[in-house]
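Quick look at structure-v5.pdb (PDB, C-alpha atoms):
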ATOM      1  CA  MET A   1      86.550  96.690 111.146
ATOM      2  CA  GLU A   2      90.227  96.965 112.054
ATOM      3  CA  LEU A   3      91.668  93.445 112.206
ATOM      4  CA  PHE A   4      95.240  94.419 112.980
ATOM      5  CA  VAL A   5      96.318  93.675 116.556
ATOM      6  CA  GLY A   6      99.617  93.720 118.415
ATOM      7  CA  ARG A   7     102.910  93.726 116.488
ATOM      8  CA  GLY A   8     104.182  96.832 118.271
ATOM      9  CA  GLY A   9     107.756  95.575 118.315
ATOM     10  CA  ASP A  10     107.675  94.628 114.640
ATOM     11  CA  LEU A  11     106.292  98.031 113.673
ATOM     12  CA  GLU A  12     109.082  99.727 115.614
ATOM     13  CA  LYS A  13     111.692  97.576 113.871
ATOM     14  CA  LEU A  14     110.266  98.501 110.473
ATOM     15  CA  SER A  15     110.352 102.193 111.263
ATOM     16  CA  ALA A  16     113.939 101.925 112.497
ATOM     17  CA  ALA A  17     115.007 100.054 109.367
ATOM     18  CA  PHE A  18     113.578 102.813 107.194
ATOM     19  CA  ALA A  19     115.197 105.648 109.138
ATOM     20  CA  ASN A  20     117.950 106.051 106.529
ATOM     21  CA  THR A  21     117.417 108.548 103.715
ATOM     22  CA  GLY A  22     119.159 109.508 100.497
ATOM     23  CA  GLU A  23     118.971 106.177  98.687
ATOM     24  CA  VAL A  24     116.418 103.472  98.141
ATOM     25  CA  VAL A  25     115.903 101.501 101.336
ATOM     26  CA  VAL A  26     114.475  98.009 100.956
ATOM     27  CA  GLN A  27     113.133  95.972 103.852
ATOM     28  CA  ALA A  28     111.874  92.413 103.386
ATOM     29  CA  VAL A  29     109.424  90.975 105.920
ATOM     30  CA  HIS A  30     109.480  87.187 105.732
ATOM     31  CA  GLY A  31     107.504  84.481 107.466
ATOM     32  CA  LEU A  32     105.091  81.600 107.078
ATOM     33  CA  GLY A  33     102.116  81.894 104.791
ATOM     34  CA  GLY A  34      99.213  83.319 106.778
ATOM     35  CA  VAL A  35     101.396  84.746 109.547
ATOM     36  CA  GLY A  36     100.266  88.301 108.815
ATOM     37  CA  LYS A  37     102.996  89.799 106.618
ATOM     38  CA  SER A  38     100.627  91.629 104.280
ATOM     39  CA  ALA A  39      98.542  92.928 107.190
ATOM     40  CA  LEU A  40     101.667  94.260 108.888
ATOM     41  CA  ALA A  41     102.805  95.934 105.665
ATOM     42  CA  ALA A  42      99.402  97.510 105.052
ATOM     43  CA  HIS A  43      99.115  98.793 108.612
ATOM     44  CA  TRP A  44     102.626 100.234 108.627
ATOM     45  CA  ALA A  45     102.329 101.788 105.161
ATOM     46  CA  ALA A  46      99.046 103.494 106.042
ATOM     47  CA  LYS A  47     100.823 105.403 108.809
ATOM     48  CA  GLN A  48     103.585 106.765 106.573
ATOM     49  CA  SER A  49     103.790 110.294 105.227
ATOM     50  CA  GLU A  50     104.850 109.745 101.617
ATOM     51  CA  SER A  51     102.632 111.496  99.097
ATOM     52  CA  VAL A  52     102.874 108.444  96.826
ATOM     53  CA  ARG A  53     102.327 105.041  98.430
ATOM     54  CA  TRP A  54     101.695 102.186  96.040
ATOM     55  CA  TRP A  55     100.896  98.505  96.569
ATOM     56  CA  ILE A  56     102.057  95.961  93.992
ATOM     57  CA  THR A  57     101.200  92.267  94.091
ATOM     58  CA  ALA A  58     104.637  90.995  93.128
ATOM     59  CA  ASP A  59     104.496  87.209  93.010
ATOM     60  CA  THR A  60     105.683  87.073  89.371
ATOM     61  CA  PRO A  61     107.695  89.374  87.076
ATOM     62  CA  ALA A  62     104.538  89.939  85.019
ATOM     63  CA  ALA A  63     102.646  91.002  88.141
ATOM     64  CA  VAL A  64     105.423  93.439  89.063
ATOM     65  CA  ASN A  65     105.244  94.994  85.598
ATOM     66  CA  ALA A  66     101.445  95.178  85.740
ATOM     67  CA  GLY A  67     101.504  96.849  89.142
ATOM     68  CA  THR A  68     104.134  99.317  88.010
ATOM     69  CA  ALA A  69     102.080 100.159  84.926
ATOM     70  CA  ALA A  70      99.052 100.717  87.160
ATOM     71  CA  LEU A  71     101.107 103.238  89.129
ATOM     72  CA  ALA A  72     101.756 105.171  85.919
ATOM     73  CA  ARG A  73      98.015 105.305  85.214
ATOM     74  CA  ALA A  74      97.317 106.474  88.757
ATOM     75  CA  LEU A  75      99.894 109.240  88.442
ATOM     76  CA  GLN A  76      98.837 110.239  84.930
ATOM     77  CA  PRO A  77      95.440 108.863  83.837
ATOM     78  CA  GLY A  78      96.118 110.050  80.297
ATOM     79  CA  LEU A  79      98.703 107.289  79.899
ATOM     80  CA  SER A  80      95.997 104.604  79.846
ATOM     81  CA  ALA A  81      96.039 104.472  76.051
ATOM     82  CA  LEU A  82      99.729 103.542  75.949
ATOM     83  CA  PRO A  83     100.917  99.917  75.776
ATOM     84  CA  THR A  84     101.603  98.373  79.167
ATOM     85  CA  GLU A  85     105.343  98.296  78.517
ATOM     86  CA  LEU A  86     105.434 102.054  77.979
ATOM     87  CA  GLN A  87     103.278 102.653  81.047
ATOM     88  CA  THR A  88     105.783 100.643  83.080
ATOM     89  CA  GLU A  89     108.663 102.710  81.720
ATOM     90  CA  ARG A  90     106.858 105.948  82.550
ATOM     91  CA  ALA A  91     106.319 104.791  86.131
ATOM     92  CA  VAL A  92     109.963 103.788  86.497
ATOM     93  CA  ALA A  93     111.039 107.151  85.103
ATOM     94  CA  TRP A  94     108.793 108.933  87.593
ATOM     95  CA  LEU A  95     110.111 106.919  90.537
ATOM     96  CA  ALA A  96     113.706 107.466  89.417
ATOM     97  CA  GLY A  97     113.144 111.203  89.212
ATOM     98  CA  HIS A  98     111.448 111.653  92.575
ATOM     99  CA  THR A  99     112.103 110.977  96.230
ATOM    100  CA  GLY A 100     109.689 110.468  99.097
ATOM    101  CA  TRP A 101     107.693 107.546  97.718
ATOM    102  CA  LEU A 102     106.886 104.142  99.187
ATOM    103  CA  LEU A 103     106.324 100.908  97.300
ATOM    104  CA  VAL A 104     104.912  97.810  98.970
ATOM    105  CA  LEU A 105     105.872  94.723  96.973
ATOM    106  CA  ASP A 106     103.636  91.977  98.298
ATOM    107  CA  ASN A 107     104.215  88.225  98.160
ATOM    108  CA  VAL A 108     107.578  88.273  96.368
ATOM    109  CA  GLU A 109     108.734  84.746  95.582
ATOM    110  CA  ASP A 110     112.210  85.559  94.250
ATOM    111  CA  PRO A 111     114.391  88.664  94.768
ATOM    112  CA  ALA A 112     115.233  88.507  91.063
ATOM    113  CA  HIS A 113     111.618  89.372  90.242
ATOM    114  CA  ILE A 114     111.887  92.840  91.786
ATOM    115  CA  ARG A 115     115.584  93.580  91.272
ATOM    116  CA  PRO A 116     115.146  95.059  87.756
ATOM    117  CA  LEU A 117     112.711  97.605  89.183
ATOM    118  CA  LEU A 118     114.512  98.523  92.393
ATOM    119  CA  ASP A 119     117.906  98.837  90.702
ATOM    120  CA  ARG A 120     116.495 101.696  88.617
ATOM    121  CA  VAL A 121     114.750 103.760  91.293
ATOM    122  CA  PRO A 122     117.268 105.136  93.816
ATOM    123  CA  GLY A 123     115.191 107.664  95.695
ATOM    124  CA  GLY A 124     112.468 106.046  97.763
ATOM    125  CA  ARG A 125     111.548 103.200 100.072
ATOM    126  CA  ALA A 126     110.341  99.686  99.312
ATOM    127  CA  LEU A 127     108.719  97.237 101.718
ATOM    128  CA  VAL A 128     108.709  93.611 100.581
ATOM    129  CA  THR A 129     106.638  90.744 101.958
ATOM    130  CA  THR A 130     107.777  87.212 101.202
ATOM    131  CA  ARG A 131     107.745  83.647 102.436
ATOM    132  CA  ARG A 132     111.359  83.345 101.358
ATOM    133  CA  ALA A 133     113.777  83.710 104.264
ATOM    134  CA  THR A 134     117.074  83.529 102.352
ATOM    135  CA  GLY A 135     118.689  85.114  99.320
ATOM    136  CA  TRP A 136     118.098  88.734 100.292
ATOM    137  CA  HIS A 137     121.632  89.739 101.304
ATOM    138  CA  HIS A 138     122.234  91.711  98.080
ATOM    139  CA  ASP A 139     118.770  93.244  97.918
ATOM    140  CA  ALA A 140     117.227  93.998 101.294
ATOM    141  CA  ALA A 141     117.486  93.952 105.037
ATOM    142  CA  THR A 142     115.202  91.316 106.518
ATOM    143  CA  LEU A 143     112.735  91.065 109.365
ATOM    144  CA  ARG A 144     111.294  87.721 110.412
ATOM    145  CA  LEU A 145     107.620  87.868 111.359
ATOM    146  CA  ASP A 146     106.502  85.221 113.819
ATOM    147  CA  THR A 147     103.021  84.148 114.810
ATOM    148  CA  LEU A 148     100.867  86.372 116.994
ATOM    149  CA  GLU A 149     101.417  86.557 120.712
ATOM    150  CA  PRO A 150      98.757  84.368 122.394
ATOM    151  CA  ALA A 151      96.938  87.339 123.934
ATOM    152  CA  ASP A 152      96.905  89.166 120.587
ATOM    153  CA  ALA A 153      95.559  86.094 118.799
ATOM    154  CA  VAL A 154      92.711  85.822 121.305
ATOM    155  CA  ALA A 155      92.007  89.555 121.012
ATOM    156  CA  LEU A 156      91.767  89.196 117.226
ATOM    157  CA  PHE A 157      89.456  86.189 117.574
ATOM    158  CA  HIS A 158      87.174  88.069 119.975
ATOM    159  CA  ARG A 159      87.106  91.188 117.793
ATOM    160  CA  ILE A 160      85.819  89.225 114.811
ATOM    161  CA  LEU A 161      83.517  86.953 116.807
ATOM    162  CA  THR A 162      81.748  89.782 118.633
ATOM    163  CA  GLN A 163      81.642  92.398 115.871
ATOM    164  CA  HIS A 164      77.840  92.163 115.615
ATOM    165  CA  GLY A 165      77.089  91.736 119.297
ATOM    166  CA  PRO A 166      77.940  89.733 122.418
ATOM    167  CA  ARG A 167      78.872  86.090 121.875
ATOM    168  CA  ALA A 168      80.098  83.242 124.039
ATOM    169  CA  THR A 169      83.896  83.369 123.942
ATOM    170  CA  GLU A 170      84.793  80.449 126.213
ATOM    171  CA  GLY A 171      87.344  78.256 124.474
ATOM    172  CA  SER A 172      88.740  81.007 122.244
ATOM    173  CA  ASP A 173      92.206  80.712 123.753
ATOM    174  CA  ALA A 174      92.239  76.959 123.126
ATOM    175  CA  VAL A 175      91.163  77.443 119.495
ATOM    176  CA  CYS A 176      93.904  80.014 118.918
ATOM    177  CA  ALA A 177      96.494  77.745 120.509
ATOM    178  CA  GLU A 178      95.371  74.800 118.380
ATOM    179  CA  LEU A 179      95.768  77.000 115.286
ATOM    180  CA  GLY A 180      99.285  77.936 116.327
ATOM    181  CA  HIS A 181      98.327  81.613 116.786
ATOM    182  CA  LEU A 182      98.637  82.010 113.016
ATOM    183  CA  ALA A 183      96.861  85.240 112.093
ATOM    184  CA  LEU A 184      95.071  84.024 108.962
ATOM    185  CA  ALA A 185      93.880  80.830 110.634
ATOM    186  CA  VAL A 186      92.597  82.777 113.643
ATOM    187  CA  GLU A 187      90.734  85.221 111.372
ATOM    188  CA  GLN A 188      89.109  82.439 109.372
ATOM    189  CA  ALA A 189      88.115  80.436 112.430
ATOM    190  CA  ALA A 190      86.593  83.473 114.130
ATOM    191  CA  ALA A 191      84.743  84.437 110.949
ATOM    192  CA  PHE A 192      83.356  80.897 110.680
ATOM    193  CA  CYS A 193      82.111  81.027 114.264
ATOM    194  CA  ALA A 194      80.632  84.497 113.784
ATOM    195  CA  GLU A 195      78.812  83.591 110.573
ATOM    196  CA  THR A 196      77.507  80.166 111.592
ATOM    197  CA  GLY A 197      76.813  80.702 115.290
ATOM    198  CA  THR A 198      79.332  78.020 116.220
ATOM    199  CA  THR A 199      80.825  78.519 119.670
ATOM    200  CA  PRO A 200      84.609  78.429 120.095
ATOM    201  CA  ALA A 201      84.242  75.261 122.175
ATOM    202  CA  ALA A 202      82.244  73.586 119.409
ATOM    203  CA  TYR A 203      84.778  74.736 116.820
ATOM    204  CA  LEU A 204      87.526  73.132 118.890
ATOM    205  CA  ASP A 205      85.585  69.863 118.832
ATOM    206  CA  MET A 206      85.317  70.134 115.033
ATOM    207  CA  LEU A 207      89.079  70.640 114.798
ATOM    208  CA  ALA A 208      89.559  67.444 116.783
ATOM    209  CA  LYS A 209      87.063  65.408 114.729
ATOM    210  CA  TRP A 210      87.934  66.660 111.232
ATOM    211  CA  PRO A 211      91.419  68.163 111.487
ATOM    212  CA  ALA A 212      92.340  68.021 107.797
ATOM    213  CA  THR A 213      89.119  69.685 106.634
ATOM    214  CA  MET A 214      89.037  72.323 109.348
ATOM    215  CA  PHE A 215      92.709  73.275 109.129
ATOM    216  CA  ALA A 216      92.479  73.545 105.336
ATOM    217  CA  ALA A 217      89.494  75.887 105.678
ATOM    218  CA  ALA A 218      91.246  77.954 108.334
ATOM    219  CA  LEU A 219      94.259  78.508 106.082
ATOM    220  CA  ALA A 220      92.348  79.260 102.870
ATOM    221  CA  PRO A 221      93.005  82.742 101.417
ATOM    222  CA  LEU A 222      90.592  85.412 102.562
TER     223      LEU A 222
END

Could the structure of this file be written out as structure tokens, please?
Amino acid sequence: MELFVGRGGDLEKLSAAFANTGEVVVQAVHGLGGVGKSALAAHWAAKQSESVRWWITADTPAAVNAGTAALARALQPGLSALPTELQTERAVAWLAGHTGWLLVLDNVEDPAHIRPLLDRVPGGRALVTTRRATGWHHDAATLRLDTLEPADAVALFHRILTQHGPRATEGSDAVCAELGHLALAVEQAAAFCAETGTTPAAYLDMLAKWPATMFAAALAPL
């Protein structure tokens, strides 16, 4: 089921930022945890035409290296027997020698974690997702991602709630508003209602009675 809704303006901004060619173009999408940065990146990347599109979980330098090594194995399965360090070097060499590729570096905590990679690969595009709003002026252009528009949040809630058939949706808008229209929280709340048979109105009552427990559950990783 497609969970991505709205974000038309943000998608257009991403495409415009990547219009340049001839050198590596890096765009960092930043915002609150759970706002939908990874979903935006995945949706945008899936629409691109590069023959090589690769997703790297990049929250630590070790994770960046591991994801880069995995790219080498995907490009050349015969490299699997090599040490990880050599696999990483092979991937970097491939990226440096080719154009027309796209890397998605997800959940970057510090620009310094990805700088050693991007400084060596001058021929493609890199899309970064991060909670960090500052410190990117030497490394990337930035795009702030805000919470969902209210109508989009409700549409997402309804899509998840009714995926297996008609359900009572009264109170959905109030639930989404209470959750701040945060994409992850809306997804989790709708999934809870869909799986347990809880109505949106009843879920709203639970938020009022047990706010700490319910908000923690709504913001837990999927």

Close residues, segment 6-13 of chain A itself excluded, 12 Å, all atoms listed in the file, min 3 positions apart in chain, as a count of residues only: 40

Distance criterion (only C-alpha atoms): nearest to Ala126 of chain A out of A:Ala174, A:Gly78, A:Ser49, A:Val25: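 Under the stated criterion, the closest residue is A:Val25.
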
Nearest candidate to His164 of chain A (options A:Ala194, A:Ala112, A:Ala189, A:Leu184; using only C-alpha atoms):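 Among A:Ala194, A:Ala112, A:Ala189, A:Leu184, it is A:Ala194 that comes nearest to His164 of chain A.
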
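Here atom CA of Pro166 of chain A is placed at a distance of 18.4 Å from atom CA of Val186 of chain A.
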
Expected residue set, 6 Å radius at (89.8, 85.5, 115.3), all atoms listed in the file, as a list in words: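 The residues that fall inside the cut-off are Leu156, Phe157, His158, Ile160, Val186, Glu187 and Ala190 of chain A.
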
Point-to-point distance from atom CA of Gly135 of chain A to atom CA of Val108 of chain A, Å rounded to tenths: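 If I compute the distance from atom CA of Gly135 of chain A to atom CA of Val108 of chain A, I get 11.9 Å.
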
Selected residue of minimal separation from Trp55 of chain A among A:Ala91, A:Val121, A:Leu75, A:Leu127, counting all atoms listed in the file: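 Closest to Trp55 of chain A of all the choices is A:Leu127.
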
So that I can see what lies close to Gly67 of chain A, please list as a PDB file with C-alpha atoms, in the coordinates of the input the residues with an atom at most 8 Å from it, counting only C-alpha atoms and leaving out residues fewer than 3 positions away in the same chain.
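Saved as result_25.pdb:
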ATOM      1  CA  TRP A  55     100.896  98.505  96.569  1.00  0.00           C
ATOM      2  CA  ILE A  56     102.057  95.961  93.992  1.00  0.00           C
ATOM      3  CA  THR A  57     101.200  92.267  94.091  1.00  0.00           C
ATOM      4  CA  ALA A  58     104.637  90.995  93.128  1.00  0.00           C
ATOM      5  CA  ALA A  63     102.646  91.002  88.141  1.00  0.00           C
ATOM      6  CA  VAL A  64     105.423  93.439  89.063  1.00  0.00           C
ATOM      7  CA  ALA A  70      99.052 100.717  87.160  1.00  0.00           C
ATOM      8  CA  LEU A  71     101.107 103.238  89.129  1.00  0.00           C
TER       9      LEU A  71
END

The PyMOL selection byres ((chain A and resi 206) around 12) applied to the shown file, residues as a ChimeraX atom specification: /A:175,178,189,192-193,198-205,207-215,217-218

Could those selected residues go to a file with C-alpha atoms, as a short mmCIF file (atom, residue, chain, number, x, y, z; two decimals), in the coordinates of the input?
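Contents of part.cif, freshly written:
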data_model
loop_
_atom_site.label_atom_id
_atom_site.label_comp_id
_atom_site.auth_asym_id
_atom_site.auth_seq_id
_atom_site.Cartn_x
_atom_site.Cartn_y
_atom_site.Cartn_z
CA VAL A 175 91.16 77.44 119.50
CA GLU A 178 95.37 74.80 118.38
CA ALA A 189 88.12 80.44 112.43
CA PHE A 192 83.36 80.90 110.68
CA CYS A 193 82.11 81.03 114.26
CA THR A 198 79.33 78.02 116.22
CA THR A 199 80.82 78.52 119.67
CA PRO A 200 84.61 78.43 120.10
CA ALA A 201 84.24 75.26 122.18
CA ALA A 202 82.24 73.59 119.41
CA TYR A 203 84.78 74.74 116.82
CA LEU A 204 87.53 73.13 118.89
CA ASP A 205 85.58 69.86 118.83
CA LEU A 207 89.08 70.64 114.80
CA ALA A 208 89.56 67.44 116.78
CA LYS A 209 87.06 65.41 114.73
CA TRP A 210 87.93 66.66 111.23
CA PRO A 211 91.42 68.16 111.49
CA ALA A 212 92.34 68.02 107.80
CA THR A 213 89.12 69.68 106.63
CA MET A 214 89.04 72.32 109.35
CA PHE A 215 92.71 73.28 109.13
CA ALA A 217 89.49 75.89 105.68
CA ALA A 218 91.25 77.95 108.33
#

For atom CA of Ser15 of chain A and atom CA of Thr68 of chain A, the interatomic separation in Å (one decimal): 24.2 Å

Would you compute the box with edges along x, y and z of the file around segment 25-38 of chain A, including every atom the file lists for it and 8 Å extra on each side, and give its centre and edge lengths in Å to one decimal, as lines of an AutoDock Vina configuration file?
center_x = 107.6
center_y = 91.6
center_z = 105.3
size_x = 32.7
size_y = 35.9
size_z = 24.6

Close residues, Leu102 of chain A itself excluded, 7 Å, all atoms listed in the file, min 4 positions apart in chain, as a list in words: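 My reading of the contact set: Glu50, Val52, Arg53, Trp54, Gly124, Arg125 and Ala126 of chain A.
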
Spatial neighbours of Thr88 of chain A, max dist 7 Å, all atoms listed in the file, sep filter under 6 positions, as number ranges by chain: A: 65, 68-69, 72

Selection near Asp139 of chain A, 8 Å with only C-alpha atoms, sequence-local residues under 6 positions removed, as a PyMOL selection string: chain A and resi 26+111+115

Counting all atoms listed in the file, the option among A:Ala168, A:Leu118, A:Ala74, A:Ala191 closest to Val104 of chain A: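 Using all atoms listed in the file, the shortest distance to Val104 of chain A belongs to A:Leu118.
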
Selected residue, from A:Ala177, A:Val92, A:Ile114, A:Glu109, that lies nearest to Ala133 of chain A when counting only C-alpha atoms: A:Glu109
